[in-house]
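Next comes data-v9.pdb, with PDB, C-alpha atoms and all ligand atoms.
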ATOM      1  CA  MET A  26      61.237 120.031 157.995
ATOM      2  CA  PRO A  27      62.608 123.577 158.431
ATOM      3  CA  GLY A  28      64.872 125.006 155.708
ATOM      4  CA  LEU A  29      63.823 125.299 152.084
ATOM      5  CA  PHE A  30      63.942 122.438 149.605
ATOM      6  CA  ILE A  31      64.009 123.489 145.930
ATOM      7  CA  THR A  32      64.183 121.017 143.062
ATOM      8  CA  PHE A  33      64.598 121.413 139.300
ATOM      9  CA  GLU A  34      63.029 118.971 136.876
ATOM     10  CA  GLY A  35      62.416 118.715 133.175
ATOM     11  CA  PRO A  36      63.222 116.810 130.021
ATOM     12  CA  GLU A  37      66.683 116.612 128.466
ATOM     13  CA  GLY A  38      68.296 119.955 127.656
ATOM     14  CA  SER A  39      65.604 121.989 129.391
ATOM     15  CA  GLY A  40      68.291 124.023 131.167
ATOM     16  CA  LYS A  41      68.130 122.631 134.708
ATOM     17  CA  THR A  42      71.867 122.716 135.352
ATOM     18  CA  THR A  43      72.113 126.237 133.920
ATOM     19  CA  GLN A  44      69.330 127.453 136.236
ATOM     20  CA  VAL A  45      70.763 125.646 139.265
ATOM     21  CA  GLU A  46      74.084 127.427 138.664
ATOM     22  CA  LEU A  47      72.399 130.845 138.294
ATOM     23  CA  LEU A  48      70.387 130.198 141.464
ATOM     24  CA  ALA A  49      73.532 129.175 143.367
ATOM     25  CA  GLN A  50      75.068 132.548 142.465
ATOM     26  CA  ALA A  51      71.910 134.446 143.432
ATOM     27  CA  LEU A  52      71.687 132.685 146.812
ATOM     28  CA  ALA A  53      75.432 132.640 147.520
ATOM     29  CA  SER A  54      75.163 134.761 150.671
ATOM     30  CA  ARG A  55      72.770 132.170 152.163
ATOM     31  CA  GLU A  56      75.249 129.337 151.448
ATOM     32  CA  PRO A  57      72.782 126.902 149.867
ATOM     33  CA  VAL A  58      73.550 123.182 149.662
ATOM     34  CA  MET A  59      73.646 122.138 146.001
ATOM     35  CA  VAL A  60      73.130 118.527 144.914
ATOM     36  CA  ARG A  61      72.685 116.751 141.610
ATOM     37  CA  GLU A  62      71.153 113.383 140.843
ATOM     38  CA  PRO A  63      72.265 110.779 140.365
ATOM     39  CA  GLY A  64      75.456 111.687 142.212
ATOM     40  CA  GLY A  65      76.464 114.071 144.930
ATOM     41  CA  ASN A  66      78.137 111.485 147.161
ATOM     42  CA  GLU A  67      80.285 108.392 146.730
ATOM     43  CA  LEU A  68      77.453 105.876 146.326
ATOM     44  CA  GLY A  69      75.554 108.213 144.005
ATOM     45  CA  GLU A  70      78.557 108.780 141.743
ATOM     46  CA  ARG A  71      79.197 105.024 141.514
ATOM     47  CA  ILE A  72      75.538 104.349 140.712
ATOM     48  CA  ARG A  73      75.653 107.180 138.140
ATOM     49  CA  GLU A  74      78.449 105.325 136.336
ATOM     50  CA  ILE A  75      76.380 102.129 136.273
ATOM     51  CA  VAL A  76      72.984 103.544 135.253
ATOM     52  CA  LEU A  77      74.176 106.193 132.799
ATOM     53  CA  TYR A  78      77.406 104.803 131.362
ATOM     54  CA  GLY A  79      77.489 101.061 132.208
ATOM     55  CA  ALA A  80      77.520  98.650 129.260
ATOM     56  CA  MET A  81      75.231  96.067 130.911
ATOM     57  CA  GLU A  82      71.532  95.536 130.101
ATOM     58  CA  LEU A  83      69.498  96.860 133.036
ATOM     59  CA  ASP A  84      66.044  95.637 133.997
ATOM     60  CA  ALA A  85      63.749  98.727 134.141
ATOM     61  CA  GLU A  86      62.718  98.093 137.745
ATOM     62  CA  ALA A  87      66.315  97.427 138.785
ATOM     63  CA  GLU A  88      67.240 100.761 137.180
ATOM     64  CA  MET A  89      64.535 102.464 139.268
ATOM     65  CA  TYR A  90      65.848 100.953 142.495
ATOM     66  CA  LEU A  91      69.391 102.061 141.636
ATOM     67  CA  PHE A  92      68.260 105.677 141.169
ATOM     68  CA  MET A  93      66.262 105.463 144.406
ATOM     69  CA  ALA A  94      69.091 103.850 146.378
ATOM     70  CA  ALA A  95      71.388 106.692 145.327
ATOM     71  CA  ARG A  96      68.677 109.178 146.352
ATOM     72  CA  LYS A  97      68.103 107.636 149.790
ATOM     73  CA  GLN A  98      71.816 107.782 150.570
ATOM     74  CA  LEU A  99      71.924 111.431 149.450
ATOM     75  CA  ILE A 100      68.878 112.215 151.612
ATOM     76  CA  SER A 101      70.466 110.594 154.673
ATOM     77  CA  GLU A 102      73.914 112.073 154.192
ATOM     78  CA  VAL A 103      73.167 115.542 152.840
ATOM     79  CA  ILE A 104      69.567 116.627 152.222
ATOM     80  CA  ALA A 105      67.847 115.742 155.520
ATOM     81  CA  PRO A 106      70.642 117.063 157.791
ATOM     82  CA  ALA A 107      70.824 120.320 155.803
ATOM     83  CA  LEU A 108      67.054 120.876 155.922
ATOM     84  CA  SER A 109      66.961 120.037 159.642
ATOM     85  CA  ALA A 110      69.631 122.677 160.181
ATOM     86  CA  GLY A 111      67.417 125.248 158.401
ATOM     87  CA  GLN A 112      69.524 125.445 155.240
ATOM     88  CA  ILE A 113      68.413 125.888 151.641
ATOM     89  CA  VAL A 114      68.871 122.755 149.530
ATOM     90  CA  VAL A 115      68.783 122.990 145.724
ATOM     91  CA  ALA A 116      68.591 119.718 143.773
ATOM     92  CA  ASP A 117      69.274 119.232 140.052
ATOM     93  CA  ARG A 118      66.691 116.417 139.612
ATOM     94  CA  TYR A 119      65.031 114.480 142.462
ATOM     95  CA  HIS A 120      62.298 111.878 142.876
ATOM     96  CA  ASP A 121      60.022 113.385 140.196
ATOM     97  CA  SER A 122      62.692 112.262 137.680
ATOM     98  CA  THR A 123      62.087 108.661 138.724
ATOM     99  CA  LEU A 124      58.318 109.136 138.518
ATOM    100  CA  ALA A 125      58.651 110.644 135.001
ATOM    101  CA  TYR A 126      61.419 108.469 133.476
ATOM    102  CA  GLN A 127      61.050 105.064 135.135
ATOM    103  CA  GLY A 128      57.328 105.441 135.945
ATOM    104  CA  GLY A 129      55.933 107.456 133.045
ATOM    105  CA  ALA A 130      58.281 106.503 130.222
ATOM    106  CA  ARG A 131      59.307 102.937 131.157
ATOM    107  CA  GLY A 132      56.011 101.962 132.789
ATOM    108  CA  VAL A 133      57.473 100.763 136.113
ATOM    109  CA  PRO A 134      55.020 101.097 139.050
ATOM    110  CA  THR A 135      56.336 103.999 141.162
ATOM    111  CA  THR A 136      55.417 105.614 144.477
ATOM    112  CA  TRP A 137      56.813 108.374 146.697
ATOM    113  CA  PRO A 138      58.504 106.774 149.750
ATOM    114  CA  SER A 139      57.458 108.373 153.031
ATOM    115  CA  THR A 140      61.135 108.793 153.993
ATOM    116  CA  PHE A 141      61.857 111.043 150.960
ATOM    117  CA  PRO A 142      61.235 114.700 151.919
ATOM    118  CA  ARG A 143      58.813 116.549 149.621
ATOM    119  CA  PRO A 144      60.298 119.667 148.018
ATOM    120  CA  ASP A 145      58.767 123.028 148.960
ATOM    121  CA  VAL A 146      58.918 124.029 145.322
ATOM    122  CA  THR A 147      59.706 122.101 142.159
ATOM    123  CA  PHE A 148      60.549 124.043 139.011
ATOM    124  CA  LEU A 149      59.446 122.155 135.925
ATOM    125  CA  LEU A 150      61.387 123.627 133.012
ATOM    126  CA  SER A 151      59.261 123.105 129.977
ATOM    127  CA  VAL A 152      60.724 122.953 126.446
ATOM    128  CA  PRO A 153      59.563 121.013 123.390
ATOM    129  CA  VAL A 154      61.329 117.635 123.491
ATOM    130  CA  GLU A 155      63.109 118.065 120.137
ATOM    131  CA  HIS A 156      64.291 121.557 121.124
ATOM    132  CA  GLY A 157      65.882 120.237 124.328
ATOM    133  CA  LEU A 158      67.593 117.359 122.528
ATOM    134  CA  GLU A 159      68.945 119.806 119.922
ATOM    135  CA  ARG A 160      70.432 121.961 122.678
ATOM    136  CA  LEU A 161      72.420 118.950 123.902
ATOM    137  CA  VAL A 162      73.667 118.234 120.369
ATOM    138  CA  HIS A 163      74.792 121.867 119.994
ATOM    139  CA  ALA A 164      76.461 121.700 123.418
ATOM    140  CA  GLY A 165      78.440 118.678 122.164
ATOM    141  CA  LYS A 166      77.235 116.494 125.074
ATOM    142  CA  LYS A 167      77.782 112.773 124.458
ATOM    143  CA  PRO A 168      74.378 111.145 125.159
ATOM    144  CA  ASP A 169      74.226 108.784 128.137
ATOM    145  CA  ARG A 170      72.154 105.564 128.282
ATOM    146  CA  VAL A 171      68.884 107.326 129.174
ATOM    147  CA  GLU A 172      69.418 110.299 126.842
ATOM    148  CA  SER A 173      70.014 107.856 123.967
ATOM    149  CA  GLU A 174      66.427 106.584 124.200
ATOM    150  CA  SER A 175      63.993 107.298 121.336
ATOM    151  CA  VAL A 176      62.224 110.618 120.809
ATOM    152  CA  GLU A 177      58.970 108.791 121.705
ATOM    153  CA  PHE A 178      60.489 107.838 125.068
ATOM    154  CA  HIS A 179      61.341 111.493 125.755
ATOM    155  CA  HIS A 180      57.792 112.522 124.802
ATOM    156  CA  ARG A 181      56.473 110.046 127.381
ATOM    157  CA  VAL A 182      58.813 111.650 129.952
ATOM    158  CA  ALA A 183      57.493 115.136 129.108
ATOM    159  CA  ASP A 184      53.863 113.939 129.265
ATOM    160  CA  ALA A 185      54.515 112.342 132.660
ATOM    161  CA  TYR A 186      56.005 115.598 133.975
ATOM    162  CA  ASP A 187      52.906 117.463 132.781
ATOM    163  CA  ARG A 188      50.679 115.023 134.682
ATOM    164  CA  LEU A 189      52.805 115.335 137.845
ATOM    165  CA  ALA A 190      52.641 119.137 137.696
ATOM    166  CA  ALA A 191      48.879 119.094 137.116
ATOM    167  CA  ALA A 192      48.399 116.793 140.108
ATOM    168  CA  GLU A 193      50.370 119.039 142.499
ATOM    169  CA  PRO A 194      49.914 122.629 141.318
ATOM    170  CA  LYS A 195      50.973 124.100 144.675
ATOM    171  CA  ARG A 196      54.381 122.410 144.666
ATOM    172  CA  PHE A 197      55.161 122.662 140.954
ATOM    173  CA  ALA A 198      56.098 125.899 139.223
ATOM    174  CA  ARG A 199      55.927 125.149 135.518
ATOM    175  CA  LEU A 200      58.125 127.595 133.598
ATOM    176  CA  ASP A 201      58.433 128.155 129.867
ATOM    177  CA  ALA A 202      62.146 127.401 129.428
ATOM    178  CA  THR A 203      62.370 128.403 125.762
ATOM    179  CA  GLY A 204      63.219 131.994 126.746
ATOM    180  CA  SER A 205      66.738 133.211 127.454
ATOM    181  CA  LYS A 206      68.671 131.855 130.461
ATOM    182  CA  GLU A 207      68.228 135.247 132.141
ATOM    183  CA  GLN A 208      64.457 135.328 131.532
ATOM    184  CA  VAL A 209      64.033 131.871 133.040
ATOM    185  CA  HIS A 210      66.216 132.848 136.017
ATOM    186  CA  LEU A 211      64.061 135.935 136.652
ATOM    187  CA  ALA A 212      60.934 133.749 136.664
ATOM    188  CA  VAL A 213      62.621 131.387 139.159
ATOM    189  CA  MET A 214      63.540 134.271 141.473
ATOM    190  CA  GLU A 215      60.064 135.764 141.253
ATOM    191  CA  ARG A 216      58.483 132.479 142.380
ATOM    192  CA  LEU A 217      61.073 132.012 145.147
ATOM    193  CA  GLN A 218      61.015 135.505 146.627
ATOM    194  CA  PRO A 219      58.062 134.984 149.029
ATOM    195  CA  LEU A 220      59.611 131.735 150.275
ATOM    196  CA  LEU A 221      62.978 133.421 150.783
ATOM    197  CA  ASP A 222      61.304 136.329 152.599
ATOM    198  CA  ALA A 223      59.530 133.854 154.891
ATOM    199  CA  LEU A 224      62.851 132.173 155.630
ATOM    200  CA  GLY A 225      64.282 135.509 156.825
TER     201      GLY A 225
HETATM  202  N1  LIG B 301      67.359 109.963 135.329
HETATM  203  C1  LIG B 301      67.760 110.691 136.419
HETATM  204  C2  LIG B 301      66.381 108.972 135.422
HETATM  205  O1  LIG B 301      66.057 108.301 134.427
HETATM  206  N2  LIG B 301      65.808 108.752 136.641
HETATM  207  C3  LIG B 301      66.164 109.435 137.778
HETATM  208  O2  LIG B 301      65.608 109.175 138.865
HETATM  209  C4  LIG B 301      67.187 110.446 137.649
HETATM  210  C5  LIG B 301      67.608 111.245 138.857
HETATM  211  C6  LIG B 301      70.726 112.296 134.078
HETATM  212  C7  LIG B 301      69.911 111.269 133.304
HETATM  213  O3  LIG B 301      69.380 110.330 134.206
HETATM  214  C8  LIG B 301      68.006 110.224 134.035
HETATM  215  C9  LIG B 301      67.556 111.504 133.388
HETATM  216  C10 LIG B 301      68.752 111.898 132.561
HETATM  217  O4  LIG B 301      68.631 111.323 131.272
HETATM  218  P1  LIG B 301      72.478 114.130 133.477
HETATM  219  O5  LIG B 301      73.754 113.921 132.751
HETATM  220  O6  LIG B 301      72.561 114.378 134.937
HETATM  221  O7  LIG B 301      71.562 112.874 133.187
HETATM  222  O8  LIG B 301      71.764 115.226 132.694
HETATM  223  P2  LIG B 301      70.389 115.942 132.807
HETATM  224  O9  LIG B 301      69.976 116.103 134.220
HETATM  225  O10 LIG B 301      69.402 115.269 131.912
HETATM  226  O11 LIG B 301      70.750 117.354 132.229
HETATM  227  P3  LIG B 301      71.061 117.746 130.747
HETATM  228  O12 LIG B 301      72.533 117.863 130.600
HETATM  229  O13 LIG B 301      70.362 116.869 129.795
HETATM  230  O14 LIG B 301      70.422 119.115 130.556
HETATM  231  P4  LIG B 301      69.954 120.296 131.474
HETATM  232  O15 LIG B 301      70.633 120.290 132.792
HETATM  233  O16 LIG B 301      68.468 120.342 131.478
HETATM  234  O17 LIG B 301      70.431 121.513 130.605
HETATM  235  P5  LIG B 301      71.747 122.413 130.700
HETATM  236  O18 LIG B 301      71.516 123.478 131.675
HETATM  237  O19 LIG B 301      72.926 121.528 130.853
HETATM  238  O20 LIG B 301      71.697 123.068 129.257
HETATM  239  C11 LIG B 301      71.887 122.298 128.085
HETATM  240  C12 LIG B 301      72.404 123.239 126.978
HETATM  241  O21 LIG B 301      71.415 124.227 126.712
HETATM  242  C13 LIG B 301      71.915 125.536 126.952
HETATM  243  C14 LIG B 301      73.115 125.380 127.878
HETATM  244  O22 LIG B 301      74.032 126.429 127.722
HETATM  245  C15 LIG B 301      73.674 124.036 127.396
HETATM  246  O23 LIG B 301      74.461 124.228 126.273
HETATM  247  N3  LIG B 301      70.833 126.300 127.579
HETATM  248  C16 LIG B 301      70.122 127.228 126.930
HETATM  249  N4  LIG B 301      70.193 127.683 125.668
HETATM  250  C17 LIG B 301      69.299 128.659 125.338
HETATM  251  N5  LIG B 301      68.368 129.168 126.190
HETATM  252  C18 LIG B 301      68.275 128.731 127.453
HETATM  253  N6  LIG B 301      67.345 129.212 128.277
HETATM  254  C19 LIG B 301      69.183 127.715 127.876
HETATM  255  N7  LIG B 301      69.362 127.050 129.044
HETATM  256  C20 LIG B 301      70.367 126.180 128.846
END
What does the file become when written as structure tokens?
Amino acid sequence: MPGLFITFEGPEGSGKTTQVELLAQALASREPVMVREPGGNELGERIREIVLYGAMELDAEAEMYLFMAARKQLISEVIAPALSAGQIVVADRYHDSTLAYQGGARGVPTTWPSTFPRPDVTFLLSVPVEHGLERLVHAGKKPDRVESESVEFHHRVADAYDRLAAAEPKRFARLDATGSKEQVHLAVMERLQPLLDALG
């Protein structure tokens, strides 16, 4: 697809949302389309309430399908039309989150559906698991259902991300996210510059 599809991934508190916001400012003149998962449209926001804040017990595979259903709707409504129109799309989490959390950490068999566009570049923000969780405590964020999982669970997520990045070194840009917000942003822009130049 034309356009440029950029995704941000990483364990809890790795600074994805912070970097997405800094990137939105840096690319403002190009009017990028910004999305977050789960969410970004009506179905996604409703599913977000169920999977992250619902009180019910969720089967792990059912949870995976809920995340993926939200994603497919977002692809159809927002991501695919924007990319077809040559726009830049920036996603705060995408299908690699399902591969890492539901696949890697929960052990559900996962694949990449052929109807889900592959990102041109995926930034994997890498921080030690405990460091990321501490950032969320300091930020005063009330943990959701997935964030409330054990530290071992979050280590399995981080290990799964490492395996995904190793398997696709061309797509993944693995960044040390323990530096300052500005340092990480500079590294993001450095990696993106050739792609932005190619876009014109
Ligand atoms: N999930 C999601 C799945 O299990 N499967 C899926 O398929 C999908 C899509 C989403 C949850 O759902 C799960 C994963 C998640 O558990 P969410 O509420 O959308 O939850 O939150 P997350 O995406 O996990 O984002 P977080 O809020 O956990 O953290 P971020 O976005 O990584 O971090 P950010 O930018 O909010 O920063 C956190 C704190 O750190 C500070 C910030 O100021 C903030 O206070 N910070 C830094 N401090 C120092 N140095 C830096 N470089 C910093 N960068 C940020």
Could you please extract the residues within 8 Å of ligand LIG 301 (chain B), counting all atoms listed in the file, and hand them back as an mmCIF file with C-alpha atoms, in the frame of the given file?
data_model
loop_
_atom_site.group_PDB
_atom_site.id
_atom_site.type_symbol
_atom_site.label_atom_id
_atom_site.label_comp_id
_atom_site.auth_asym_id
_atom_site.auth_seq_id
_atom_site.Cartn_x
_atom_site.Cartn_y
_atom_site.Cartn_z
ATOM 1 C CA GLU A 34 63.029 118.971 136.876
ATOM 2 C CA GLY A 35 62.416 118.715 133.175
ATOM 3 C CA PRO A 36 63.222 116.810 130.021
ATOM 4 C CA GLU A 37 66.683 116.612 128.466
ATOM 5 C CA GLY A 38 68.296 119.955 127.656
ATOM 6 C CA SER A 39 65.604 121.989 129.391
ATOM 7 C CA GLY A 40 68.291 124.023 131.167
ATOM 8 C CA LYS A 41 68.130 122.631 134.708
ATOM 9 C CA THR A 42 71.867 122.716 135.352
ATOM 10 C CA THR A 43 72.113 126.237 133.920
ATOM 11 C CA GLN A 44 69.330 127.453 136.236
ATOM 12 C CA VAL A 45 70.763 125.646 139.265
ATOM 13 C CA ARG A 61 72.685 116.751 141.610
ATOM 14 C CA GLU A 62 71.153 113.383 140.843
ATOM 15 C CA PRO A 63 72.265 110.779 140.365
ATOM 16 C CA VAL A 76 72.984 103.544 135.253
ATOM 17 C CA LEU A 77 74.176 106.193 132.799
ATOM 18 C CA MET A 89 64.535 102.464 139.268
ATOM 19 C CA PHE A 92 68.260 105.677 141.169
ATOM 20 C CA MET A 93 66.262 105.463 144.406
ATOM 21 C CA ARG A 96 68.677 109.178 146.352
ATOM 22 C CA ASP A 117 69.274 119.232 140.052
ATOM 23 C CA ARG A 118 66.691 116.417 139.612
ATOM 24 C CA TYR A 119 65.031 114.480 142.462
ATOM 25 C CA HIS A 120 62.298 111.878 142.876
ATOM 26 C CA ASP A 121 60.022 113.385 140.196
ATOM 27 C CA SER A 122 62.692 112.262 137.680
ATOM 28 C CA THR A 123 62.087 108.661 138.724
ATOM 29 C CA LEU A 124 58.318 109.136 138.518
ATOM 30 C CA ALA A 125 58.651 110.644 135.001
ATOM 31 C CA TYR A 126 61.419 108.469 133.476
ATOM 32 C CA GLN A 127 61.050 105.064 135.135
ATOM 33 C CA LEU A 150 61.387 123.627 133.012
ATOM 34 C CA GLY A 157 65.882 120.237 124.328
ATOM 35 C CA LEU A 158 67.593 117.359 122.528
ATOM 36 C CA ARG A 160 70.432 121.961 122.678
ATOM 37 C CA LEU A 161 72.420 118.950 123.902
ATOM 38 C CA HIS A 163 74.792 121.867 119.994
ATOM 39 C CA ALA A 164 76.461 121.700 123.418
ATOM 40 C CA GLY A 165 78.440 118.678 122.164
ATOM 41 C CA LYS A 166 77.235 116.494 125.074
ATOM 42 C CA ASP A 169 74.226 108.784 128.137
ATOM 43 C CA ARG A 170 72.154 105.564 128.282
ATOM 44 C CA VAL A 171 68.884 107.326 129.174
ATOM 45 C CA GLU A 172 69.418 110.299 126.842
ATOM 46 C CA ALA A 202 62.146 127.401 129.428
ATOM 47 C CA THR A 203 62.370 128.403 125.762
ATOM 48 C CA GLY A 204 63.219 131.994 126.746
ATOM 49 C CA SER A 205 66.738 133.211 127.454
ATOM 50 C CA LYS A 206 68.671 131.855 130.461
ATOM 51 C CA GLU A 207 68.228 135.247 132.141
ATOM 52 C CA GLN A 208 64.457 135.328 131.532
ATOM 53 C CA VAL A 209 64.033 131.871 133.040
#
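Straight-line separation from CA of Thr32 in chain A to CA of Pro194 in chain A: 14.5 Å.
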Suppose a student applies the PyMOL selection byres (((chain A and resi 220-225) around 9) and not hetatm) to this structure; what residues should they get, written as number ranges by chain? A: 28-29, 111, 145, 216-219
For Ser175 in chain A, which of A:Ala130, A:Ile31, A:Ala49, A:Ile104 is the closest residue, counting all atoms listed in the file?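 Ranked by minimum distance to Ser175 in chain A, first place goes to A:Ala130.
Taking only C-alpha atoms into account, Val60 in chain A lies nearest to A:Ala116 out of the set A:Ala198, A:Ala116, A:Val182, A:Leu149.
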Among the residues A:Leu99, A:Ala85, A:Val213, A:Ala51, the one that comes closest to Leu68 in chain A [using only C-alpha atoms]: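 Counting only C-alpha atoms, the residue closest to Leu68 in chain A is A:Leu99.
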Quick one, how far is CA of Ile72 in chain A from CA of Tyr90 in chain A?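 So the two atoms, CA of Ile72 in chain A and CA of Tyr90 in chain A, lie 10.4 Å apart.
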From the options A:Glu56, A:Arg73, A:Asp84, A:Phe33, which residue's atoms come nearest to Phe197 in chain A, counting all atoms listed in the file? A:Phe33
Give me, please, the distance in Å between CA of Glu74 in chain A and CA of Pro153 in chain A, quoted to one decimal.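 Distance between the two atoms: 27.8 Å.
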For Thr135 in chain A, the nearest of the candidates A:Ser151, A:Glu86, A:Val115, A:Phe30, counting all atoms listed in the file: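 Residue with the minimum atom-to-atom distance to Thr135 in chain A: A:Glu86.
Minimum distance to Pro142 in chain A across A:Gly129, A:Met59, A:Ser101, A:Glu177 (counting all atoms listed in the file) occurs at A:Ser101.
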For range 189-193 of chain A, I'd like the enclosing box, axis-aligned and padded by 8 Å on every side, reported as JSON with centre and edge lengths in Å to one decimal.
{"center_x": 50.6, "center_y": 117.2, "center_z": 139.8, "size_x": 20.4, "size_y": 19.8, "size_z": 21.4}
Contacts of Gln98 in chain A at 9 Å (all atoms listed in the file; same-chain gap of 4+ positions) as a tab-separated table (two decimals) with C-alpha atoms, in the frame of the given file:
chain	number	residue	atom	x	y	z
A	66	ASN	CA	78.14	111.48	147.16
A	68	LEU	CA	77.45	105.88	146.33
A	69	GLY	CA	75.55	108.21	144.00
A	93	MET	CA	66.26	105.46	144.41
A	94	ALA	CA	69.09	103.85	146.38
A	102	GLU	CA	73.91	112.07	154.19
A	103	VAL	CA	73.17	115.54	152.84
